[in-house]
>>> print(open('upload-v4.txt').read())   # compact mmCIF, C-alpha atoms and all ligand atoms
# COMPACT_ATOMS: atom_id res chain seq x y z
CA MET A 801 -71.40 -124.33 175.94
CA ASP A 802 -69.58 -124.97 179.18
CA PHE A 803 -67.28 -122.26 180.51
CA ASN A 804 -66.05 -124.76 183.10
CA ASP A 805 -64.58 -127.09 180.49
CA THR A 806 -60.96 -126.76 181.62
CA LYS A 807 -59.55 -129.13 179.01
CA THR A 808 -60.60 -126.75 176.23
CA ALA A 809 -59.90 -123.66 178.32
CA PHE A 810 -56.24 -124.47 178.91
CA SER A 811 -55.44 -126.45 175.77
CA MET A 812 -52.74 -123.92 174.87
CA LYS A 813 -51.07 -124.05 178.28
CA SER A 814 -48.25 -126.41 179.24
CA MET A 815 -48.01 -127.77 182.79
CA THR A 816 -45.27 -125.16 183.47
CA ASP A 817 -47.61 -122.41 182.24
CA LEU A 818 -50.37 -123.68 184.52
CA ARG A 819 -48.08 -123.84 187.56
CA ASN A 820 -46.88 -120.30 186.83
CA ALA A 821 -50.49 -119.11 186.53
CA GLN A 822 -51.42 -120.88 189.77
CA MET A 823 -48.54 -119.23 191.61
CA LEU A 824 -49.44 -115.79 190.22
CA PHE A 825 -53.16 -115.90 190.92
CA THR A 826 -52.46 -117.20 194.45
CA ALA A 827 -50.08 -114.28 195.03
CA ILE A 828 -52.50 -111.79 193.48
CA GLN A 829 -55.16 -112.85 195.99
CA ASN A 830 -53.01 -111.42 198.75
CA PRO A 831 -53.41 -107.61 198.88
CA VAL A 832 -50.49 -107.11 201.27
CA LEU A 833 -48.19 -109.06 198.97
CA VAL A 834 -49.36 -107.11 195.90
CA LYS A 835 -48.82 -103.79 197.71
CA SER A 836 -45.29 -104.80 198.76
CA LEU A 837 -44.54 -106.05 195.26
CA LYS A 838 -45.68 -102.75 193.81
CA TYR A 839 -43.52 -100.82 196.26
CA MET A 840 -40.43 -102.94 195.59
CA THR A 841 -40.87 -102.82 191.81
CA ASN A 842 -41.27 -99.05 191.77
CA LEU A 843 -38.17 -98.76 193.91
CA ALA A 844 -36.20 -101.12 191.65
CA LEU A 845 -37.27 -99.11 188.60
CA LYS A 846 -36.27 -95.83 190.23
CA VAL A 847 -32.74 -96.98 191.03
CA ASN A 848 -32.46 -98.83 187.70
CA LEU A 849 -32.14 -102.31 189.18
CA PRO A 850 -32.62 -105.08 186.62
CA VAL A 851 -36.12 -106.54 187.01
CA ALA A 852 -36.53 -108.51 183.77
CA TRP A 853 -35.01 -111.75 185.14
CA VAL A 854 -37.77 -112.04 187.77
CA VAL A 855 -40.69 -110.53 185.84
CA LYS A 856 -40.23 -112.16 182.42
CA PRO A 857 -40.71 -115.83 183.37
CA THR A 858 -43.63 -115.00 185.71
CA LEU A 859 -46.02 -112.01 185.33
CA TYR A 860 -44.82 -111.18 181.84
CA ARG A 861 -45.17 -114.75 180.58
CA GLN A 862 -48.78 -114.91 181.79
CA PHE A 863 -50.08 -111.49 180.75
CA VAL A 864 -47.83 -110.04 178.01
CA GLY A 865 -47.22 -111.01 174.37
CA GLY A 866 -43.64 -109.76 174.03
CA GLU A 867 -41.44 -106.69 173.96
CA SER A 868 -42.26 -105.79 170.35
CA LEU A 869 -44.83 -106.52 167.65
CA GLN A 870 -42.49 -109.09 166.10
CA GLU A 871 -42.06 -110.86 169.43
CA CYS A 872 -45.84 -111.27 169.72
CA GLU A 873 -46.08 -113.16 166.44
CA LYS A 874 -45.50 -116.54 168.04
CA ILE A 875 -48.46 -116.11 170.38
CA VAL A 876 -50.65 -114.61 167.66
CA ASP A 877 -49.97 -117.66 165.45
CA LEU A 878 -50.54 -120.08 168.29
CA LEU A 879 -53.86 -118.49 169.26
CA ARG A 880 -54.97 -118.70 165.66
CA THR A 881 -54.72 -122.48 165.78
CA TYR A 882 -57.45 -122.33 168.47
CA ASN A 883 -59.64 -120.05 166.34
CA ILE A 884 -58.72 -117.02 168.45
CA LYS A 885 -57.62 -113.71 166.98
CA SER A 886 -55.49 -111.02 168.56
CA VAL A 887 -55.48 -107.33 169.36
CA LEU A 888 -51.93 -106.09 169.97
CA ASP A 889 -52.04 -103.36 172.57
CA TYR A 890 -48.95 -101.18 173.08
CA SER A 891 -49.08 -100.90 176.85
CA ALA A 892 -46.08 -98.81 177.78
CA GLU A 893 -47.31 -96.46 180.47
CA GLY A 894 -44.80 -93.67 180.13
CA GLY A 895 -45.33 -90.07 181.02
CA SER A 896 -47.43 -87.68 179.03
CA ALA A 897 -44.73 -85.33 177.75
CA ILE A 898 -44.47 -84.67 174.02
CA GLU A 899 -41.71 -87.31 173.55
CA ASP A 900 -44.00 -89.95 175.11
CA VAL A 901 -46.84 -88.85 172.85
CA SER A 902 -44.64 -89.13 169.74
CA ARG A 903 -43.41 -92.56 170.82
CA ALA A 904 -46.95 -93.85 171.40
CA PHE A 905 -48.15 -92.37 168.11
CA GLU A 906 -45.31 -93.92 166.07
CA GLU A 907 -45.74 -97.30 167.74
CA THR A 908 -49.50 -97.29 167.11
CA MET A 909 -48.84 -96.45 163.45
CA ARG A 910 -46.43 -99.40 163.31
CA SER A 911 -49.08 -101.67 164.83
CA ILE A 912 -51.57 -100.60 162.13
CA GLU A 913 -48.99 -101.36 159.42
CA PHE A 914 -48.22 -104.67 161.13
CA ALA A 915 -51.89 -105.68 161.12
CA LYS A 916 -52.37 -104.93 157.42
CA GLY A 917 -53.53 -108.04 155.57
CA LYS A 918 -53.22 -110.25 158.69
CA SER A 919 -56.59 -111.84 159.27
CA ASN A 920 -55.50 -113.19 162.67
CA ILE A 921 -55.14 -109.64 164.01
CA ALA A 922 -58.74 -108.62 164.37
CA TYR A 923 -58.31 -105.02 165.52
CA THR A 924 -55.67 -102.46 166.41
CA VAL A 925 -56.05 -100.25 169.46
CA PHE A 926 -54.83 -97.13 171.18
CA LYS A 927 -55.34 -95.14 174.34
CA PRO A 928 -56.44 -91.64 173.34
CA THR A 929 -54.80 -90.10 176.41
CA ALA A 930 -51.44 -91.34 175.08
CA MET A 931 -51.92 -89.09 172.03
CA ILE A 932 -51.94 -85.75 173.85
CA ILE A 933 -49.89 -83.97 176.49
CA GLY A 934 -51.71 -84.89 179.71
CA SER A 935 -51.86 -81.42 181.25
CA VAL A 936 -53.48 -79.97 178.11
CA LEU A 937 -56.20 -82.62 178.04
CA SER A 938 -56.95 -82.10 181.74
CA LYS A 939 -57.16 -78.34 181.30
CA ALA A 940 -59.34 -78.62 178.21
CA ALA A 941 -61.64 -80.98 180.08
CA VAL A 942 -62.27 -78.38 182.79
CA ASP A 943 -62.77 -75.42 180.45
CA ILE A 944 -61.65 -75.42 176.86
CA ASN A 945 -61.74 -71.59 176.77
CA THR A 946 -58.87 -71.33 179.24
CA LEU A 947 -56.32 -72.90 176.84
CA ASN A 948 -53.57 -70.56 175.68
CA GLU A 949 -52.39 -70.56 172.06
CA VAL A 950 -49.79 -73.29 172.50
CA GLU A 951 -52.24 -75.51 174.38
CA GLN A 952 -54.94 -74.94 171.78
CA ALA A 953 -52.43 -75.99 169.11
CA GLU A 954 -51.69 -79.18 171.07
CA LEU A 955 -55.42 -79.96 171.29
CA ASP A 956 -55.65 -79.50 167.52
CA ASN A 957 -52.62 -81.77 167.11
CA PHE A 958 -54.39 -84.40 169.20
CA LYS A 959 -57.34 -84.37 166.81
CA THR A 960 -54.94 -84.57 163.87
CA ARG A 961 -53.05 -87.52 165.41
CA VAL A 962 -56.26 -89.46 166.04
CA THR A 963 -57.47 -88.71 162.51
CA GLN A 964 -54.13 -89.83 161.04
CA LEU A 965 -54.25 -93.12 162.96
CA CYS A 966 -57.81 -93.78 161.81
CA GLN A 967 -56.96 -92.75 158.24
CA ARG A 968 -54.09 -95.25 158.21
CA ALA A 969 -56.40 -97.93 159.64
CA TYR A 970 -58.95 -97.10 156.94
CA ASP A 971 -56.32 -97.21 154.17
CA ASN A 972 -55.06 -100.59 155.44
CA ASP A 973 -58.59 -101.96 155.96
CA VAL A 974 -57.80 -102.62 159.61
CA ARG A 975 -60.26 -101.95 162.42
CA ILE A 976 -59.16 -99.67 165.26
CA LEU A 977 -60.44 -99.47 168.84
CA ILE A 978 -60.30 -96.25 170.84
CA ASP A 979 -60.01 -97.23 174.52
CA ALA A 980 -61.89 -95.28 177.19
CA GLU A 981 -60.41 -93.97 180.41
CA HIS A 982 -61.47 -91.29 182.89
CA TYR A 983 -64.89 -89.67 183.04
CA ALA A 984 -63.49 -86.12 183.24
CA THR A 985 -61.73 -86.29 179.87
CA GLN A 986 -64.10 -88.66 178.09
CA GLY A 987 -66.32 -85.89 176.72
CA ILE A 988 -63.51 -84.54 174.53
CA ILE A 989 -62.56 -88.04 173.41
CA ASP A 990 -66.20 -88.88 172.60
CA SER A 991 -66.50 -85.88 170.35
CA VAL A 992 -63.25 -86.74 168.50
CA ALA A 993 -64.38 -90.38 168.20
CA GLU A 994 -67.71 -89.31 166.72
CA THR A 995 -65.92 -87.17 164.13
CA VAL A 996 -63.68 -90.03 162.99
CA MET A 997 -66.54 -92.54 162.94
CA ARG A 998 -68.52 -90.19 160.70
CA LYS A 999 -65.51 -89.88 158.42
CA PHE A 1000 -64.31 -93.49 158.18
CA ASN A 1001 -67.28 -95.77 158.97
CA ASN A 1002 -69.46 -95.24 155.91
CA LYS A 1003 -69.15 -98.70 154.41
CA ARG A 1004 -68.32 -100.67 157.57
CA ALA A 1005 -67.07 -99.91 161.06
CA ILE A 1006 -63.36 -99.15 160.95
CA VAL A 1007 -63.29 -97.03 164.11
CA PHE A 1008 -64.72 -98.37 167.38
CA GLN A 1009 -65.57 -96.14 170.31
CA THR A 1010 -65.53 -97.56 173.86
CA LEU A 1011 -68.59 -97.22 176.08
CA GLN A 1012 -68.03 -97.87 179.80
CA MET A 1013 -71.35 -99.26 180.90
CA TYR A 1014 -70.71 -98.58 184.61
CA ARG A 1015 -71.60 -95.01 183.69
CA THR A 1016 -75.21 -94.04 184.25
CA ASP A 1017 -75.40 -92.04 181.01
CA ARG A 1018 -74.06 -94.60 178.53
CA LEU A 1019 -77.30 -96.25 177.38
CA GLU A 1020 -78.64 -92.87 176.49
CA TYR A 1021 -75.36 -92.09 174.71
CA LEU A 1022 -75.62 -95.36 172.76
CA LYS A 1023 -79.04 -94.28 171.51
CA TYR A 1024 -77.63 -90.86 170.64
CA LEU A 1025 -74.94 -92.57 168.52
CA PHE A 1026 -77.59 -94.70 166.84
CA ASN A 1027 -79.51 -91.54 165.81
CA ASP A 1028 -76.32 -89.70 164.88
CA SER A 1029 -75.32 -92.57 162.58
CA LYS A 1030 -78.64 -92.28 160.75
CA GLU A 1031 -78.16 -88.56 160.29
CA TYR A 1032 -74.55 -88.82 159.09
CA ASN A 1033 -74.82 -92.18 157.37
CA TYR A 1034 -72.20 -94.26 159.15
CA ILE A 1035 -71.93 -97.54 161.07
CA PRO A 1036 -70.91 -96.99 164.70
CA GLY A 1037 -68.32 -99.43 165.99
CA ILE A 1038 -69.22 -100.04 169.62
CA LYS A 1039 -66.80 -101.53 172.11
CA PHE A 1040 -68.56 -102.29 175.39
CA VAL A 1041 -66.70 -102.65 178.67
CA ARG A 1042 -67.93 -102.23 182.23
CA GLY A 1043 -65.19 -99.75 183.15
CA ALA A 1044 -61.94 -99.95 185.06
CA TYR A 1045 -61.77 -96.79 187.15
CA MET A 1046 -64.76 -97.06 189.49
CA ASP A 1047 -63.03 -96.27 192.79
CA GLU A 1048 -61.11 -93.30 191.39
CA GLU A 1049 -64.25 -91.91 189.73
CA ARG A 1050 -66.31 -92.16 192.90
CA ALA A 1051 -63.55 -90.58 195.00
CA LEU A 1052 -63.09 -87.70 192.53
CA ALA A 1053 -66.83 -87.03 192.27
CA SER A 1054 -67.09 -86.90 196.02
CA ARG A 1055 -64.02 -84.67 196.38
CA LEU A 1056 -65.13 -82.20 193.70
CA GLY A 1057 -68.80 -82.37 194.66
CA TYR A 1058 -70.43 -83.49 191.41
CA PRO A 1059 -72.86 -86.44 191.14
CA ASP A 1060 -71.23 -89.88 191.02
CA PRO A 1061 -71.21 -90.83 187.30
CA ILE A 1062 -71.13 -94.58 188.11
CA HIS A 1063 -74.13 -96.84 188.72
CA PRO A 1064 -74.83 -97.25 192.43
CA ASP A 1065 -74.20 -101.00 192.48
CA LYS A 1066 -72.86 -103.94 190.50
CA TYR A 1067 -76.35 -105.13 189.62
CA SER A 1068 -77.15 -101.84 187.83
CA THR A 1069 -73.84 -101.93 185.92
CA ASP A 1070 -74.51 -105.51 184.83
CA LYS A 1071 -78.04 -104.62 183.76
CA CYS A 1072 -76.77 -101.63 181.79
CA TYR A 1073 -74.09 -103.71 180.04
CA ASP A 1074 -76.59 -106.37 179.04
CA SER A 1075 -79.16 -103.78 177.90
CA GLY A 1076 -76.45 -102.29 175.67
CA LEU A 1077 -75.75 -105.72 174.17
CA LYS A 1078 -79.46 -106.27 173.54
CA PHE A 1079 -79.95 -102.86 171.93
CA VAL A 1080 -77.01 -103.32 169.56
CA MET A 1081 -78.01 -106.87 168.66
CA GLU A 1082 -81.61 -105.81 167.98
CA ASN A 1083 -80.19 -103.24 165.55
CA ILE A 1084 -77.15 -105.14 164.33
CA GLU A 1085 -77.79 -104.03 160.75
CA SER A 1086 -76.74 -100.55 161.95
CA PHE A 1087 -73.78 -101.46 164.20
CA GLU A 1088 -70.61 -103.48 164.68
CA LEU A 1089 -69.96 -104.82 168.16
CA PHE A 1090 -66.93 -105.65 170.30
CA SER A 1091 -67.81 -107.01 173.74
CA GLY A 1092 -64.87 -106.79 176.16
CA THR A 1093 -65.81 -108.65 179.31
CA HIS A 1094 -64.89 -111.56 181.57
CA ASN A 1095 -68.42 -111.79 182.92
CA TYR A 1096 -70.02 -115.23 182.48
CA GLN A 1097 -73.61 -114.00 182.09
CA SER A 1098 -72.83 -111.25 179.59
CA ASN A 1099 -70.79 -113.61 177.42
CA MET A 1100 -73.49 -116.26 177.58
CA LEU A 1101 -76.14 -113.64 176.80
CA LEU A 1102 -74.31 -112.40 173.71
CA ALA A 1103 -73.82 -115.97 172.45
CA ASP A 1104 -77.56 -116.58 172.92
CA LEU A 1105 -78.46 -113.31 171.16
CA ILE A 1106 -76.30 -114.25 168.16
CA ASP A 1107 -77.98 -117.65 167.91
CA ALA A 1108 -81.49 -116.32 168.53
CA LYS A 1109 -81.04 -113.74 165.80
CA GLY A 1110 -79.99 -116.50 163.40
CA LEU A 1111 -76.61 -114.87 162.70
CA ARG A 1112 -73.64 -116.98 161.73
CA ARG A 1113 -71.44 -117.42 164.78
CA ASP A 1114 -68.53 -116.05 162.79
CA ASP A 1115 -70.47 -113.00 161.57
CA GLN A 1116 -67.69 -110.40 161.31
CA ARG A 1117 -69.83 -107.72 162.93
CA VAL A 1118 -69.72 -109.30 166.40
CA PHE A 1119 -66.63 -110.12 168.48
CA PHE A 1120 -66.06 -111.30 172.03
CA SER A 1121 -62.84 -110.31 173.77
CA GLN A 1122 -60.93 -111.05 176.95
CA LEU A 1123 -57.50 -109.97 178.18
CA TYR A 1124 -54.52 -112.21 177.47
CA GLY A 1125 -53.78 -114.38 180.52
CA MET A 1126 -57.30 -114.07 181.93
CA SER A 1127 -60.59 -115.92 181.47
CA ASP A 1128 -59.23 -118.46 179.00
CA ASN A 1129 -62.17 -120.64 179.99
CA ILE A 1130 -64.48 -118.11 178.33
CA SER A 1131 -62.31 -117.30 175.29
CA PHE A 1132 -61.33 -120.85 174.37
CA ASN A 1133 -64.79 -122.35 174.91
CA LEU A 1134 -66.49 -119.62 172.86
CA ALA A 1135 -63.93 -120.07 170.09
CA ALA A 1136 -64.36 -123.84 170.14
CA GLU A 1137 -68.09 -123.26 169.55
CA GLY A 1138 -67.32 -121.15 166.48
CA TYR A 1139 -67.88 -117.61 167.85
CA ASN A 1140 -65.49 -114.75 167.00
CA VAL A 1141 -63.06 -114.25 169.86
CA CYS A 1142 -59.97 -112.10 170.23
CA LYS A 1143 -57.50 -111.69 173.02
CA TYR A 1144 -56.24 -108.22 174.00
CA ILE A 1145 -52.48 -108.80 174.13
CA PRO A 1146 -50.35 -106.12 175.77
CA TYR A 1147 -46.80 -105.69 174.55
CA ALA A 1148 -43.93 -103.37 175.47
CA PRO A 1149 -40.43 -103.58 176.90
CA VAL A 1150 -40.41 -105.10 180.39
CA ARG A 1151 -39.71 -101.88 182.27
CA ASP A 1152 -42.38 -99.93 180.37
CA VAL A 1153 -45.13 -102.50 180.80
CA LEU A 1154 -44.61 -102.95 184.54
CA PRO A 1155 -47.06 -100.24 185.64
CA TYR A 1156 -49.69 -101.96 183.46
CA LEU A 1157 -48.93 -105.34 185.05
CA LEU A 1158 -49.09 -103.95 188.57
CA ARG A 1159 -52.43 -102.34 187.80
CA ARG A 1160 -53.70 -105.69 186.49
CA ALA A 1161 -52.51 -107.37 189.67
CA GLU A 1162 -54.22 -104.78 191.86
CA GLU A 1163 -57.41 -104.99 189.81
CA ASN A 1164 -57.46 -108.76 190.26
CA THR A 1165 -56.84 -108.42 193.98
CA SER A 1166 -59.91 -106.23 194.27
CA MET A 1167 -61.97 -108.68 192.19
CA ALA A 1168 -61.65 -111.56 194.60
CA GLY A 1169 -64.41 -113.55 192.88
CA GLN A 1170 -62.78 -113.45 189.46
CA THR A 1171 -59.32 -114.40 190.80
CA GLY A 1172 -60.78 -117.21 192.91
CA ARG A 1173 -62.55 -118.58 189.85
CA GLU A 1174 -59.36 -118.45 187.74
CA LEU A 1175 -57.47 -120.26 190.47
CA GLN A 1176 -60.10 -122.94 190.92
CA LEU A 1177 -60.18 -123.72 187.19
CA ILE A 1178 -56.36 -123.87 187.01
CA ARG A 1179 -56.27 -126.26 189.96
CA GLU A 1180 -58.96 -128.44 188.36
CA GLU A 1181 -57.00 -128.63 185.12
CA ILE A 1182 -53.75 -129.53 186.89
CA ALA A 1183 -55.61 -132.28 188.77
CA ARG A 1184 -57.27 -133.51 185.54
CA ARG A 1185 -53.90 -133.78 183.78
CA LYS A 1186 -52.35 -135.63 186.69
CA GLY A 1187 -55.30 -138.03 186.35
C1 LIG B 1 -60.92 -106.79 176.02
C2 LIG B 1 -61.08 -105.77 177.11
C3 LIG B 1 -60.85 -104.43 176.85
C4 LIG B 1 -60.99 -103.48 177.87
N1 LIG B 1 -60.85 -102.14 177.59
C5 LIG B 1 -61.16 -101.21 178.54
C6 LIG B 1 -61.21 -99.82 178.25
O1 LIG B 1 -60.95 -99.38 177.13
N2 LIG B 1 -61.56 -98.96 179.25
C7 LIG B 1 -61.89 -99.39 180.52
O2 LIG B 1 -62.25 -98.57 181.38
N3 LIG B 1 -61.83 -100.71 180.82
C8 LIG B 1 -61.49 -101.62 179.88
N4 LIG B 1 -61.49 -102.95 180.20
C9 LIG B 1 -61.67 -103.37 181.61
C10 LIG B 1 -63.14 -103.45 181.97
O3 LIG B 1 -63.71 -102.16 181.98
C11 LIG B 1 -63.41 -104.08 183.36
O4 LIG B 1 -62.74 -103.36 184.35
C12 LIG B 1 -62.99 -105.51 183.50
O5 LIG B 1 -63.12 -106.21 182.31
C13 LIG B 1 -63.88 -106.17 184.58
O6 LIG B 1 -65.23 -106.18 184.17
P1 LIG B 1 -65.93 -107.47 183.57
O7 LIG B 1 -67.09 -107.07 182.74
O8 LIG B 1 -64.89 -108.25 182.85
O9 LIG B 1 -66.33 -108.36 184.82
P2 LIG B 1 -67.19 -108.26 186.13
O10 LIG B 1 -66.32 -108.88 187.18
O11 LIG B 1 -68.54 -108.82 185.94
O12 LIG B 1 -67.37 -106.74 186.46
C14 LIG B 1 -66.51 -105.99 187.26
C15 LIG B 1 -66.82 -104.56 186.90
O13 LIG B 1 -68.18 -104.22 187.31
C16 LIG B 1 -68.23 -102.88 187.73
N5 LIG B 1 -68.58 -102.85 189.16
C17 LIG B 1 -68.07 -103.62 190.16
N6 LIG B 1 -68.60 -103.29 191.35
C18 LIG B 1 -69.48 -102.29 191.11
C19 LIG B 1 -70.32 -101.51 191.96
N7 LIG B 1 -70.37 -101.70 193.28
N8 LIG B 1 -71.07 -100.54 191.40
C20 LIG B 1 -71.05 -100.32 190.05
N9 LIG B 1 -70.26 -101.04 189.20
C21 LIG B 1 -69.48 -102.00 189.72
C22 LIG B 1 -66.82 -102.31 187.50
O14 LIG B 1 -66.81 -101.74 186.20
C23 LIG B 1 -65.92 -103.52 187.56
O15 LIG B 1 -64.72 -103.35 186.85
C24 LIG B 1 -61.34 -103.90 179.18
C25 LIG B 1 -61.57 -105.26 179.43
C26 LIG B 1 -61.45 -106.19 178.42
C27 LIG B 1 -61.74 -107.62 178.73
>>> encode(input="upload-v4.txt", output="structure tokens")
Amino acid sequence: MDFNDTKTAFSMKSMTDLRNAQMLFTAIQNPVLVKSLKYMTNLALKVNLPVAWVVKPTLYRQFVGGESLQECEKIVDLLRTYNIKSVLDYSAEGGSAIEDVSRAFEETMRSIEFAKGKSNIAYTVFKPTAMIIGSVLSKAAVDINTLNEVEQAELDNFKTRVTQLCQRAYDNDVRILIDAEHYATQGIIDSVAETVMRKFNNKRAIVFQTLQMYRTDRLEYLKYLFNDSKEYNYIPGIKFVRGAYMDEERALASRLGYPDPIHPDKYSTDKCYDSGLKFVMENIESFELFSGTHNYQSNMLLADLIDAKGLRRDDQRVFFSQLYGMSDNISFNLAAEGYNVCKYIPYAPVRDVLPYLLRRAEENTSMAGQTGRELQLIREEIARRKG
């Protein structure tokens, strides 16, 4: 398998798509430009200036599936022709007031209904923090005993909302991923995720919990889940990622004076991620696995582990995943070799998805290596097509 095979990697992209991607990744490499763009966009949003005309044919086209579930169908169908499945991710980053919570809950329910019976939608997904009023979650994370009656009721409602989403996923036979976010609130989310896995994962994994392997405690936690699943007779769905909030976590730990929860260096995070993959694959009879990474070595390792174990490459228990608009060289080459791949496709109205897009841009700016690699492959493919 060759992740540098650009012909396969960009087979879905037209020359216009490639030029757009080249322009974007070049811009993203420039931190000053990204900062100014963020400032101008936030300003435009504040004063209600129309932004769609500039964002839709550029950033949106590269990284977003559409404004609604229905609008994503074209991309979902197209990806399917390349043996790639989809995960439709409602990415509106609104506030965390009760109206925002209700909106996110209803939309996630719709996405579970939408996925029912569609084999090209491999999983549904939600951000747990979108299912609870933010201030209540933060307060509960510090000390659950300080919640007043109304706050305690909201925490109970959160558990009910998560259970209802997972119940609907279970009823529709659709798998559901619970994203992970900040360290401070993850303990509460872990305990809710364990409860729903125990309830819904008896025959197969319907609910998947996310483990951020940049955390020093996650291998141990993985082993805890393994033991817990034996005791309660369920199949843990494990979604591995490295983790997206490293700088914030380090800064917060230092400000509040608790030990940094993140591995001290990239090498240790990589080692932890790969050890997690190995542990799950050694015990694949007891797990289902979703590996969300753009890392060459980890993707290659998982492909090797599948082959070495003698599993079918399309064994439904193991999926690779990358974000839509990124690392197509990995997704399309894995899929061409017969492995299970799905793209995480964000969708939401233009204005609502902008904070997500700006975060993506900033993340890529800070990962100079990844952006440089994307750009180099795009340039190679443009040159190859020009002959
Ligand atoms: C399909 C998918 C779903 C995702 N879902 C989530 C999610 O639910 N929650 C979430 O937090 N993130 C999520 N992410 C983002 C993910 O956590 C990573 O931020 C992103 O994918 C980059 O990591 P990588 O493995 O792709 O690549 P790499 O470039 O190999 O790794 C970069 C990552 O390594 C770690 N790292 C970098 N430098 C250091 C250092 N000095 N010390 C320690 N660690 C370091 C950081 O986690 C950094 O993001 C998701 C990503 C994908 C592809």
>>> atom_distance(input="upload-v4.txt", atom1="atom CA of Glu1181 of chain A", atom2="atom CA of Lys807 of chain A")
6.6 Å
>>> atom_distance(input="upload-v4.txt", atom1="atom CA of Asn1164 of chain A", atom2="atom CA of Arg1184 of chain A")
25.2 Å
>>> residues_near_ligand(input="upload-v4.txt", ligand="ligand LIG 1 (chain B)", cutoff="7 Å", atoms="only C-alpha atoms and all ligand atoms", output="NGL selection string")
:A and (979-981 or 1010 or 1012 or 1014 or 1041-1046 or 1062-1066 or 1068-1070 or 1092-1095 or 1121-1123 or 1143-1144 or 1167 or 1170)
>>> atom_distance(input="upload-v4.txt", atom1="atom CA of Arg910 of chain A", atom2="atom CA of Ala993 of chain A")
20.7 Å
>>> residues_around(input="upload-v4.txt", residues="segment 1088-1091 of chain A", least_positions_apart="2", cutoff="6 Å", atoms="all atoms listed in the file", output="PDB file with C-alpha atoms, in the frame of the given file")
ATOM      1  CA  GLY A1037     -68.320 -99.430 165.990  1.00  0.00           C
ATOM      2  CA  ILE A1038     -69.220-100.040 169.620  1.00  0.00           C
ATOM      3  CA  LYS A1039     -66.800-101.530 172.110  1.00  0.00           C
ATOM      4  CA  PHE A1040     -68.560-102.290 175.390  1.00  0.00           C
ATOM      5  CA  ARG A1117     -69.830-107.720 162.930  1.00  0.00           C
ATOM      6  CA  VAL A1118     -69.720-109.300 166.400  1.00  0.00           C
ATOM      7  CA  PHE A1119     -66.630-110.120 168.480  1.00  0.00           C
ATOM      8  CA  PHE A1120     -66.060-111.300 172.030  1.00  0.00           C
ATOM      9  CA  SER A1121     -62.840-110.310 173.770  1.00  0.00           C
TER      10      SER A1121
END
>>> residues_around(input="upload-v4.txt", residues="Asn957 of chain A", least_positions_apart="3", cutoff="12 Å", atoms="only C-alpha atoms", output="count of residues only")
20
>>> closest_atom_pairs(input="upload-v4.txt", of="segment 902-999 of chain A", to="segment 1109-1116 of chain A", cutoff="12 Å", atoms="only C-alpha atoms", output="tab-separated table")
residue	atom	partner	partner_atom	distance
A:Ser919	CA	A:Gln1116	CA	11.4
A:Ala922	CA	A:Gln1116	CA	9.6
A:Tyr923	CA	A:Gln1116	CA	11.6
A:Arg975	CA	A:Gln1116	CA	11.3
>>> residues_near_point(input="upload-v4.txt", point="(-57.8, -113.5, 164.7)", cutoff="10 Å", atoms="all atoms listed in the file", output="mmCIF file with C-alpha atoms, in the frame of the given file")
data_model
loop_
_atom_site.group_PDB
_atom_site.id
_atom_site.type_symbol
_atom_site.label_atom_id
_atom_site.label_comp_id
_atom_site.auth_asym_id
_atom_site.auth_seq_id
_atom_site.Cartn_x
_atom_site.Cartn_y
_atom_site.Cartn_z
ATOM 1 C CA VAL A 876 -50.650 -114.610 167.660
ATOM 2 C CA ASP A 877 -49.970 -117.660 165.450
ATOM 3 C CA LEU A 879 -53.860 -118.490 169.260
ATOM 4 C CA ARG A 880 -54.970 -118.700 165.660
ATOM 5 C CA THR A 881 -54.720 -122.480 165.780
ATOM 6 C CA TYR A 882 -57.450 -122.330 168.470
ATOM 7 C CA ASN A 883 -59.640 -120.050 166.340
ATOM 8 C CA ILE A 884 -58.720 -117.020 168.450
ATOM 9 C CA LYS A 885 -57.620 -113.710 166.980
ATOM 10 C CA SER A 886 -55.490 -111.020 168.560
ATOM 11 C CA VAL A 887 -55.480 -107.330 169.360
ATOM 12 C CA LYS A 918 -53.220 -110.250 158.690
ATOM 13 C CA SER A 919 -56.590 -111.840 159.270
ATOM 14 C CA ASN A 920 -55.500 -113.190 162.670
ATOM 15 C CA ILE A 921 -55.140 -109.640 164.010
ATOM 16 C CA ALA A 922 -58.740 -108.620 164.370
ATOM 17 C CA TYR A 923 -58.310 -105.020 165.520
ATOM 18 C CA ASN A 1140 -65.490 -114.750 167.000
ATOM 19 C CA VAL A 1141 -63.060 -114.250 169.860
ATOM 20 C CA CYS A 1142 -59.970 -112.100 170.230
ATOM 21 C CA LYS A 1143 -57.500 -111.690 173.020
#
>>> decode(input="upload-v4.txt", residues="segment 1011-1023 of chain A", atoms="C-alpha atoms", output="PDB file, in the first residue's frame")
ATOM      1  CA  LEU A1011     -10.164   7.546  24.140  1.00  0.00           C
ATOM      2  CA  GLN A1012      -7.689  10.414  23.648  1.00  0.00           C
ATOM      3  CA  MET A1013      -4.370   8.639  23.660  1.00  0.00           C
ATOM      4  CA  TYR A1014      -2.367  11.813  24.369  1.00  0.00           C
ATOM      5  CA  ARG A1015      -3.564  11.288  27.931  1.00  0.00           C
ATOM      6  CA  THR A1016      -1.180   9.417  30.187  1.00  0.00           C
ATOM      7  CA  ASP A1017      -3.978   7.423  31.837  1.00  0.00           C
ATOM      8  CA  ARG A1018      -5.783   6.068  28.772  1.00  0.00           C
ATOM      9  CA  LEU A1019      -4.023   2.714  28.317  1.00  0.00           C
ATOM     10  CA  GLU A1020      -4.863   1.868  31.871  1.00  0.00           C
ATOM     11  CA  TYR A1021      -8.447   3.009  31.248  1.00  0.00           C
ATOM     12  CA  LEU A1022      -8.639   0.805  28.147  1.00  0.00           C
ATOM     13  CA  LYS A1023      -7.695  -2.189  30.288  1.00  0.00           C
TER      14      LYS A1023
END
